[in-house]
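Structure file work_14.cif (mmCIF, C-alpha atoms) follows.
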data_protein
loop_
_atom_site.label_atom_id
_atom_site.label_comp_id
_atom_site.auth_asym_id
_atom_site.auth_seq_id
_atom_site.Cartn_x
_atom_site.Cartn_y
_atom_site.Cartn_z
CA MET A 94 29.04 216.09 5.95
CA PRO A 95 28.09 213.04 8.08
CA SER A 96 27.41 209.77 6.25
CA VAL A 97 23.93 208.21 6.16
CA ALA A 98 24.99 205.53 8.62
CA ALA A 99 26.25 208.09 11.09
CA ARG A 100 22.94 209.98 11.16
CA LYS A 101 20.88 206.87 12.05
CA PRO A 102 19.90 206.73 15.73
CA ARG A 103 22.02 204.17 17.52
CA PRO A 104 21.74 201.85 19.38
CA LYS A 105 18.65 200.40 17.75
CA TYR A 106 16.38 198.23 19.87
CA LEU A 107 14.15 195.46 18.59
CA SER A 108 10.48 196.29 18.52
CA LEU A 109 7.52 194.70 16.82
CA ARG A 110 7.58 197.60 14.35
CA ALA A 111 11.25 197.04 13.61
CA LEU A 112 10.72 193.30 13.25
CA LEU A 113 7.79 193.69 10.87
CA PHE A 114 8.73 196.68 8.75
CA GLU A 115 12.36 197.67 9.15
CA ILE A 116 14.48 194.54 9.41
CA ARG A 117 14.84 192.79 6.06
CA LEU A 118 15.82 189.15 6.35
CA PRO A 119 17.93 187.56 3.62
CA LEU A 120 16.49 184.32 2.15
CA PRO A 121 18.52 181.97 4.40
CA GLY A 122 17.12 183.94 7.35
CA TRP A 123 13.58 183.28 6.13
CA VAL A 124 14.30 179.57 5.76
CA SER A 125 15.71 179.53 9.27
CA ILE A 126 12.87 181.35 11.04
CA LEU A 127 10.25 179.40 9.08
CA HIS A 128 12.05 176.19 10.10
CA ARG A 129 11.50 177.21 13.71
CA ILE A 130 7.91 178.29 13.23
CA SER A 131 6.99 175.16 11.25
CA GLY A 132 8.74 172.97 13.83
CA ALA A 133 6.86 174.56 16.70
CA LEU A 134 3.55 174.17 14.83
CA LEU A 135 4.29 170.50 14.11
CA VAL A 136 4.90 169.80 17.80
CA PHE A 137 1.76 171.65 18.76
CA PRO A 138 -0.98 171.48 17.62
CA PHE A 139 -0.36 169.28 14.57
CA ALA A 140 1.15 166.20 16.30
CA ALA A 141 -1.73 166.11 18.79
CA TRP A 142 -4.28 166.65 16.02
CA LEU A 143 -2.90 163.84 13.84
CA LEU A 144 -2.60 161.44 16.78
CA PHE A 145 -6.20 162.19 17.65
CA MET A 146 -7.29 161.35 14.10
CA LEU A 147 -5.10 158.22 13.97
CA ASP A 148 -6.56 157.07 17.27
CA ALA A 149 -10.17 157.60 16.14
CA SER A 150 -9.63 156.10 12.68
CA LEU A 151 -8.08 152.89 14.02
CA ASN A 152 -10.46 152.49 16.93
CA SER A 153 -13.60 151.44 15.03
CA GLU A 154 -15.18 151.52 11.59
CA ALA A 155 -17.56 154.25 12.78
CA GLY A 156 -14.56 156.28 13.94
CA PHE A 157 -12.84 155.73 10.60
CA ASP A 158 -15.91 157.04 8.73
CA LYS A 159 -16.14 160.00 11.10
CA VAL A 160 -12.53 161.00 10.49
CA LYS A 161 -13.10 160.64 6.73
CA ALA A 162 -16.13 162.94 6.86
CA TYR A 163 -14.25 165.34 9.15
CA LEU A 164 -11.34 165.54 6.71
CA ALA A 165 -13.76 166.48 3.92
CA LEU A 166 -14.78 169.71 5.67
CA PRO A 167 -13.20 172.78 3.98
CA PRO A 168 -11.75 174.40 7.16
CA VAL A 169 -10.24 171.05 8.16
CA LYS A 170 -8.70 170.73 4.69
CA LEU A 171 -7.18 174.18 5.15
CA GLY A 172 -5.66 173.00 8.42
CA VAL A 173 -4.29 169.89 6.71
CA LEU A 174 -2.84 172.11 3.98
CA LEU A 175 -1.04 174.21 6.62
CA PHE A 176 0.23 170.98 8.17
CA ILE A 177 1.50 169.80 4.78
CA TRP A 178 3.33 173.09 4.23
CA ALA A 179 4.89 172.96 7.71
CA TRP A 180 6.00 169.37 7.13
CA CYS A 181 7.42 170.02 3.65
CA HIS A 182 9.23 173.18 4.72
CA HIS A 183 10.67 171.55 7.83
CA PHE A 184 11.71 168.54 5.72
CA CYS A 185 13.38 170.54 2.92
CA ALA A 186 15.01 173.10 5.22
CA GLY A 187 16.20 170.25 7.45
CA ILE A 188 17.92 168.52 4.53
CA ARG A 189 19.57 171.86 3.67
CA PHE A 190 20.82 172.19 7.26
CA LEU A 191 22.17 168.63 7.19
CA LEU A 192 24.09 169.47 4.00
CA LEU A 193 25.40 172.69 5.57
CA ASP A 194 26.56 170.60 8.56
CA ILE A 195 28.80 168.57 6.27
CA ASN A 196 30.04 171.79 4.63
CA LYS A 197 28.00 171.48 1.43
CA GLY A 198 26.82 174.80 0.02
CA ILE A 199 28.22 177.08 2.71
CA GLU A 200 29.37 179.80 0.29
CA LEU A 201 27.08 182.83 0.40
CA LYS A 202 25.89 182.52 -3.17
CA GLN A 203 25.14 178.79 -2.93
CA ALA A 204 23.48 179.26 0.47
CA ARG A 205 21.15 181.90 -1.01
CA ILE A 206 20.31 179.74 -4.01
CA SER A 207 19.62 176.67 -1.85
CA SER A 208 17.39 178.63 0.51
CA PHE A 209 15.44 179.94 -2.48
CA PHE A 210 14.94 176.35 -3.63
CA VAL A 211 13.85 175.23 -0.15
CA LEU A 212 11.15 177.91 -0.09
CA VAL A 213 9.97 177.22 -3.65
CA ILE A 214 10.10 173.41 -3.48
CA SER A 215 8.21 173.24 -0.18
CA LEU A 216 5.52 175.58 -1.54
CA GLY A 217 5.39 173.55 -4.75
CA LEU A 218 5.03 170.28 -2.84
CA THR A 219 2.31 171.86 -0.69
CA ALA A 220 0.44 172.88 -3.84
CA TRP A 221 0.84 169.39 -5.31
CA PHE A 222 -0.35 167.56 -2.19
CA GLY A 223 -3.08 170.15 -1.76
CA ALA A 224 -4.30 169.51 -5.31
CA LYS A 225 -4.38 165.76 -4.57
CA LEU A 226 -6.27 166.46 -1.37
CA TRP A 227 -9.08 168.40 -3.10
CA MET B 55 45.74 171.30 27.67
CA ASN B 56 42.53 169.40 28.28
CA ARG B 57 40.48 171.81 30.26
CA ILE B 58 36.72 172.12 29.88
CA VAL B 59 35.76 175.67 30.70
CA VAL B 60 32.03 176.08 30.24
CA GLY B 61 28.70 174.37 29.81
CA ALA B 62 26.85 171.25 30.81
CA HIS B 63 28.29 169.40 27.77
CA TYR B 64 25.02 168.15 26.38
CA GLY B 65 25.44 170.31 23.27
CA THR B 66 27.17 167.87 20.92
CA ARG B 67 25.06 164.91 22.03
CA ASP B 68 21.83 166.84 21.48
CA TRP B 69 23.06 168.22 18.16
CA LEU B 70 23.89 164.71 16.96
CA ALA B 71 20.68 163.19 18.33
CA GLN B 72 18.61 165.83 16.57
CA ARG B 73 20.23 164.96 13.25
CA ILE B 74 20.01 161.18 13.63
CA THR B 75 16.34 161.37 14.65
CA ALA B 76 15.75 163.70 11.68
CA VAL B 77 17.09 161.07 9.28
CA VAL B 78 14.95 158.35 10.92
CA MET B 79 11.82 160.51 10.54
CA ALA B 80 12.67 161.47 6.96
CA ALA B 81 13.01 157.78 6.04
CA TYR B 82 9.70 156.93 7.73
CA THR B 83 8.02 159.84 5.93
CA LEU B 84 9.20 158.66 2.52
CA ILE B 85 8.13 155.05 3.22
CA LEU B 86 4.69 156.16 4.43
CA LEU B 87 4.34 158.49 1.44
CA PHE B 88 5.15 155.58 -0.86
CA VAL B 89 2.51 153.41 0.86
CA PHE B 90 -0.06 156.20 0.45
CA LEU B 91 0.80 156.74 -3.21
CA ILE B 92 0.46 153.06 -4.14
CA THR B 93 -2.81 152.76 -2.19
CA PRO B 94 -5.49 154.91 -3.91
CA ALA B 95 -8.16 154.86 -1.17
CA PHE B 96 -7.96 153.09 2.16
CA SER B 97 -10.87 151.02 3.41
CA TYR B 98 -11.17 150.65 7.18
CA GLY B 99 -9.93 147.06 6.91
CA ALA B 100 -6.85 147.96 4.87
CA TRP B 101 -6.07 150.93 7.17
CA ARG B 102 -6.27 148.70 10.26
CA GLU B 103 -4.24 146.00 8.61
CA LEU B 104 -1.50 148.48 7.71
CA PHE B 105 -1.06 149.52 11.34
CA ALA B 106 -1.42 145.92 12.56
CA SER B 107 1.69 144.71 10.71
CA GLY B 108 4.81 144.30 12.80
CA TRP B 109 7.12 146.47 10.69
CA MET B 110 4.61 149.34 10.68
CA ARG B 111 4.16 149.18 14.45
CA VAL B 112 7.86 149.12 15.16
CA GLY B 113 8.54 151.76 12.48
CA THR B 114 5.86 154.06 13.85
CA LEU B 115 7.12 153.58 17.40
CA LEU B 116 10.65 154.39 16.23
CA PHE B 117 9.24 157.47 14.49
CA ALA B 118 7.35 158.58 17.62
CA PHE B 119 10.44 158.10 19.75
CA SER B 120 12.54 160.09 17.27
CA LEU B 121 9.92 162.82 17.14
CA ALA B 122 9.86 163.16 20.93
CA TRP B 123 13.65 163.42 21.17
CA HIS B 124 14.00 165.71 18.12
CA ALA B 125 11.19 167.97 19.29
CA TRP B 126 12.60 168.18 22.80
CA VAL B 127 15.91 169.50 21.50
CA GLY B 128 14.19 171.88 19.07
CA VAL B 129 11.59 173.28 21.43
CA ARG B 130 14.16 173.69 24.19
CA ASP B 131 16.34 175.67 21.78
CA ILE B 132 13.40 177.94 20.95
CA LEU B 133 12.55 178.42 24.64
CA MET B 134 16.19 179.15 25.54
CA ASP B 135 16.36 181.77 22.79
CA TYR B 136 13.12 183.66 23.37
CA ILE B 137 11.95 183.14 26.96
CA LYS B 138 14.17 185.24 29.21
CA HIS B 139 12.31 184.67 32.49
CA ASP B 140 13.86 181.63 34.20
CA GLY B 141 10.73 180.44 35.97
CA LEU B 142 8.53 180.76 32.91
CA ARG B 143 11.12 178.99 30.74
CA LEU B 144 11.41 176.13 33.21
CA ALA B 145 7.62 175.83 33.38
CA LEU B 146 7.34 175.74 29.58
CA GLN B 147 10.11 173.14 29.38
CA VAL B 148 8.25 170.94 31.86
CA VAL B 149 5.03 171.38 29.85
CA THR B 150 6.92 170.41 26.68
CA LEU B 151 8.37 167.28 28.29
CA LEU B 152 4.98 166.21 29.60
CA LEU B 153 3.39 166.87 26.21
CA LEU B 154 6.04 164.82 24.37
CA ALA B 155 5.87 161.98 26.91
CA GLY B 156 2.11 162.07 26.50
CA TYR B 157 2.43 161.79 22.71
CA LEU B 158 4.70 158.78 23.08
CA GLY B 159 2.37 157.03 25.52
CA TRP B 160 -0.63 157.82 23.33
CA THR B 161 1.12 156.42 20.24
CA ILE B 162 1.95 153.17 22.05
CA GLN B 163 -1.65 152.93 23.20
CA VAL B 164 -2.97 153.47 19.66
CA LEU B 165 -0.57 150.95 18.13
CA TRP B 166 -0.97 148.11 20.66
CA ARG B 167 -4.65 148.09 21.42
#
Can the structure from this file be put into structure tokens for me?
Amino acid sequence: MPSVAARKPRPKYLSLRALLFEIRLPLPGWVSILHRISGALLVFPFAAWLLFMLDASLNSEAGFDKVKAYLALPPVKLGVLLFIWAWCHHFCAGIRFLLLDINKGIELKQARISSFFVLVISLGLTAWFGAKLW
Amino acid sequence: MNRIVVGAHYGTRDWLAQRITAVVMAAYTLILLFVFLITPAFSYGAWRELFASGWMRVGTLLFAFSLAWHAWVGVRDILMDYIKHDGLRLALQVVTLLLLAGYLGWTIQVLWR
């Protein structure tokens, strides 16, 4: 009687299907991949977008008013909300990685708990800043 | 035996730089957040004045410089991990460098106008 593991087809190659539906990431894995995704989003487009708004808002009073009106538009607010999440997640996950670097919380159980807190705190902060924004 | 076997030896330097720049940006973020929280609504004059002060200009420049360095290490790591084609990876790395240099130049232009 072969075991369950033995009957699985091996080797298994990565596919979009496998990535989306078959591979289950543990919480620290989610923190890690979201750290990458949020980082990439912050570099582009968010940094360019914010610089553009900073430029316009400091250039003239008319530009300042334009940016203010622009930021009041609902789709723009949604974009800002995504930016806030990316920033908060990158910030919280980054602090966790800095602590891991100095060997704080490297045991499996602690690492899982801290990654849970990173996910929850960054979502909570996003909700709080989002509420202030609206 | 002191024999270096592999690599271009930029690993530790980049690793350290990414962490130092992260701390600089985290500090700037908290300071800016504090300024925003104690200022309910910015008028154009107050907004301009904030970015006209010396400490804010230097702090923001330091932030922009840290961002460029930090992002270069991070984006290069992502490209090295996922882009297997050498030519495409090199092209994307050049685009990233130009983009980050552009951000830095743009920031300086915005701050000292």
Residue IDs satisfying the PyMOL selection byres ((chain B) within 7 of (chain A)), as a PyMOL selection string: chain B and resi 98+102+125+129+164
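Atom CA of His183 of chain A is positioned 10.5 Å from atom CA of Ile126 of chain A.
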Mind pulling up the distance from atom CA of Asp135 of chain B to atom CA of Asn196 of chain A? 24.8 Å
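Our summary of the geometry notes that atom CA of Ser215 of chain A is positioned 27.4 Å from atom CA of Leu109 of chain A.
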Which protein, DNA or RNA residues are at most 12 Å from (1.3, 147.4, 15.7) in the file's coordinates when you count all atoms listed in the file, listed as number ranges by chain? A: 151; B: 101-116, 161-167
Determine the residue set returned by the PyMOL selection byres ((chain B and resi 67-79) around 8) for the present structure, and present it as a PyMOL selection string. (chain A and resi 187+191) or (chain B and resi 63-66+80-83+116-117+120-121+123-124+127-128)
Could you list, as number ranges by chain, every residue matched by the PyMOL selection byres ((chain A and resi 219) around 10) in this structure? A: 174-182, 213-218, 220-225
What's around Trp126 of chain B at 8 Å? Count all atoms listed in the file, leave out sequence neighbours fewer than 3 positions away in its own chain, and write the answer as a list of chain:residue names.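 Neighbouring residues, sequence-local ones excluded: B:Ala122, B:Trp123, B:Val129, B:Arg130, B:Thr150, B:Leu151, B:Leu154.
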Would you mind listing what lies within 12 Å of Gln203 of chain A as a PyMOL selection string, with all atoms listed in the file counted and same-chain residues fewer than 5 positions away left out? chain A and resi 120-121+189+192-193+196-198+208-210
Export segment 127-139 of chain B of the preceding structure, keeping all heavy atoms, as a short mmCIF file (atom, residue, chain, number, x, y, z; two decimals), in the first residue's frame.
data_model
loop_
_atom_site.label_atom_id
_atom_site.label_comp_id
_atom_site.auth_asym_id
_atom_site.auth_seq_id
_atom_site.Cartn_x
_atom_site.Cartn_y
_atom_site.Cartn_z
N VAL B 127 18.47 48.40 -4.32
CA VAL B 127 18.80 47.08 -3.80
C VAL B 127 17.57 46.16 -3.89
O VAL B 127 17.66 45.01 -4.34
CB VAL B 127 19.31 47.16 -2.34
CG1 VAL B 127 19.60 45.77 -1.79
CG2 VAL B 127 20.56 48.02 -2.24
N GLY B 128 16.42 46.68 -3.48
CA GLY B 128 15.20 45.87 -3.45
C GLY B 128 14.73 45.46 -4.83
O GLY B 128 14.43 44.27 -5.06
N VAL B 129 14.68 46.41 -5.75
CA VAL B 129 14.20 46.10 -7.09
C VAL B 129 15.18 45.16 -7.80
O VAL B 129 14.77 44.22 -8.49
CB VAL B 129 13.97 47.39 -7.92
CG1 VAL B 129 13.64 47.04 -9.37
CG2 VAL B 129 12.85 48.21 -7.30
N ARG B 130 16.48 45.38 -7.58
CA ARG B 130 17.46 44.49 -8.20
C ARG B 130 17.30 43.06 -7.69
O ARG B 130 17.40 42.10 -8.45
CB ARG B 130 18.88 45.01 -7.95
CG ARG B 130 19.87 44.51 -8.99
CD ARG B 130 21.27 44.63 -8.48
NE ARG B 130 21.35 44.06 -7.14
CZ ARG B 130 22.33 44.30 -6.29
NH1 ARG B 130 23.29 45.12 -6.60
NH2 ARG B 130 22.32 43.73 -5.10
N ASP B 131 17.03 42.93 -6.38
CA ASP B 131 16.77 41.59 -5.83
C ASP B 131 15.58 40.93 -6.51
O ASP B 131 15.62 39.74 -6.87
CB ASP B 131 16.48 41.68 -4.32
CG ASP B 131 17.76 41.82 -3.51
OD1 ASP B 131 18.85 41.63 -4.09
OD2 ASP B 131 17.67 42.12 -2.30
N ILE B 132 14.50 41.70 -6.68
CA ILE B 132 13.31 41.16 -7.33
C ILE B 132 13.63 40.74 -8.77
O ILE B 132 13.28 39.64 -9.20
CB ILE B 132 12.16 42.21 -7.32
CG1 ILE B 132 11.67 42.44 -5.89
CG2 ILE B 132 11.01 41.75 -8.22
CD1 ILE B 132 10.58 43.49 -5.78
N LEU B 133 14.35 41.61 -9.49
CA LEU B 133 14.68 41.30 -10.89
C LEU B 133 15.59 40.08 -10.98
O LEU B 133 15.40 39.22 -11.84
CB LEU B 133 15.35 42.51 -11.56
CG LEU B 133 14.45 43.75 -11.72
CD1 LEU B 133 15.25 44.91 -12.29
CD2 LEU B 133 13.25 43.45 -12.61
N MET B 134 16.55 39.97 -10.06
CA MET B 134 17.46 38.82 -10.08
C MET B 134 16.71 37.52 -9.81
O MET B 134 17.07 36.46 -10.32
CB MET B 134 18.59 39.00 -9.06
CG MET B 134 19.63 40.01 -9.48
SD MET B 134 21.17 39.94 -8.53
CE MET B 134 20.63 40.33 -6.89
N ASP B 135 15.65 37.61 -8.98
CA ASP B 135 14.91 36.40 -8.63
C ASP B 135 13.94 35.94 -9.72
O ASP B 135 13.75 34.74 -9.90
CB ASP B 135 14.10 36.63 -7.34
CG ASP B 135 14.98 36.45 -6.10
OD1 ASP B 135 16.14 36.06 -6.27
OD2 ASP B 135 14.48 36.70 -4.99
N TYR B 136 13.33 36.89 -10.42
CA TYR B 136 12.22 36.49 -11.30
C TYR B 136 12.51 36.61 -12.78
O TYR B 136 11.84 35.98 -13.58
CB TYR B 136 10.95 37.31 -10.97
CG TYR B 136 10.51 37.16 -9.53
CD1 TYR B 136 10.36 38.27 -8.72
CD2 TYR B 136 10.27 35.89 -8.99
CE1 TYR B 136 9.95 38.14 -7.39
CE2 TYR B 136 9.87 35.75 -7.67
CZ TYR B 136 9.72 36.87 -6.88
OH TYR B 136 9.33 36.74 -5.57
N ILE B 137 13.46 37.46 -13.17
CA ILE B 137 13.71 37.65 -14.61
C ILE B 137 14.93 36.81 -15.00
O ILE B 137 16.06 37.13 -14.64
CB ILE B 137 13.95 39.14 -14.95
CG1 ILE B 137 12.85 40.03 -14.36
CG2 ILE B 137 14.03 39.32 -16.47
CD1 ILE B 137 11.47 39.81 -14.93
N LYS B 138 14.66 35.71 -15.72
CA LYS B 138 15.74 34.77 -16.03
C LYS B 138 16.54 35.18 -17.27
O LYS B 138 17.69 34.79 -17.42
CB LYS B 138 15.15 33.37 -16.25
CG LYS B 138 14.42 32.82 -15.04
CD LYS B 138 15.35 32.64 -13.85
CE LYS B 138 14.57 32.25 -12.61
NZ LYS B 138 15.32 32.55 -11.38
N HIS B 139 15.91 35.94 -18.16
CA HIS B 139 16.59 36.32 -19.40
C HIS B 139 17.58 37.46 -19.12
O HIS B 139 17.19 38.53 -18.65
CB HIS B 139 15.55 36.75 -20.43
CG HIS B 139 16.14 36.98 -21.80
ND1 HIS B 139 16.78 38.15 -22.11
CD2 HIS B 139 16.19 36.20 -22.90
CE1 HIS B 139 17.20 38.08 -23.38
NE2 HIS B 139 16.85 36.90 -23.87
#
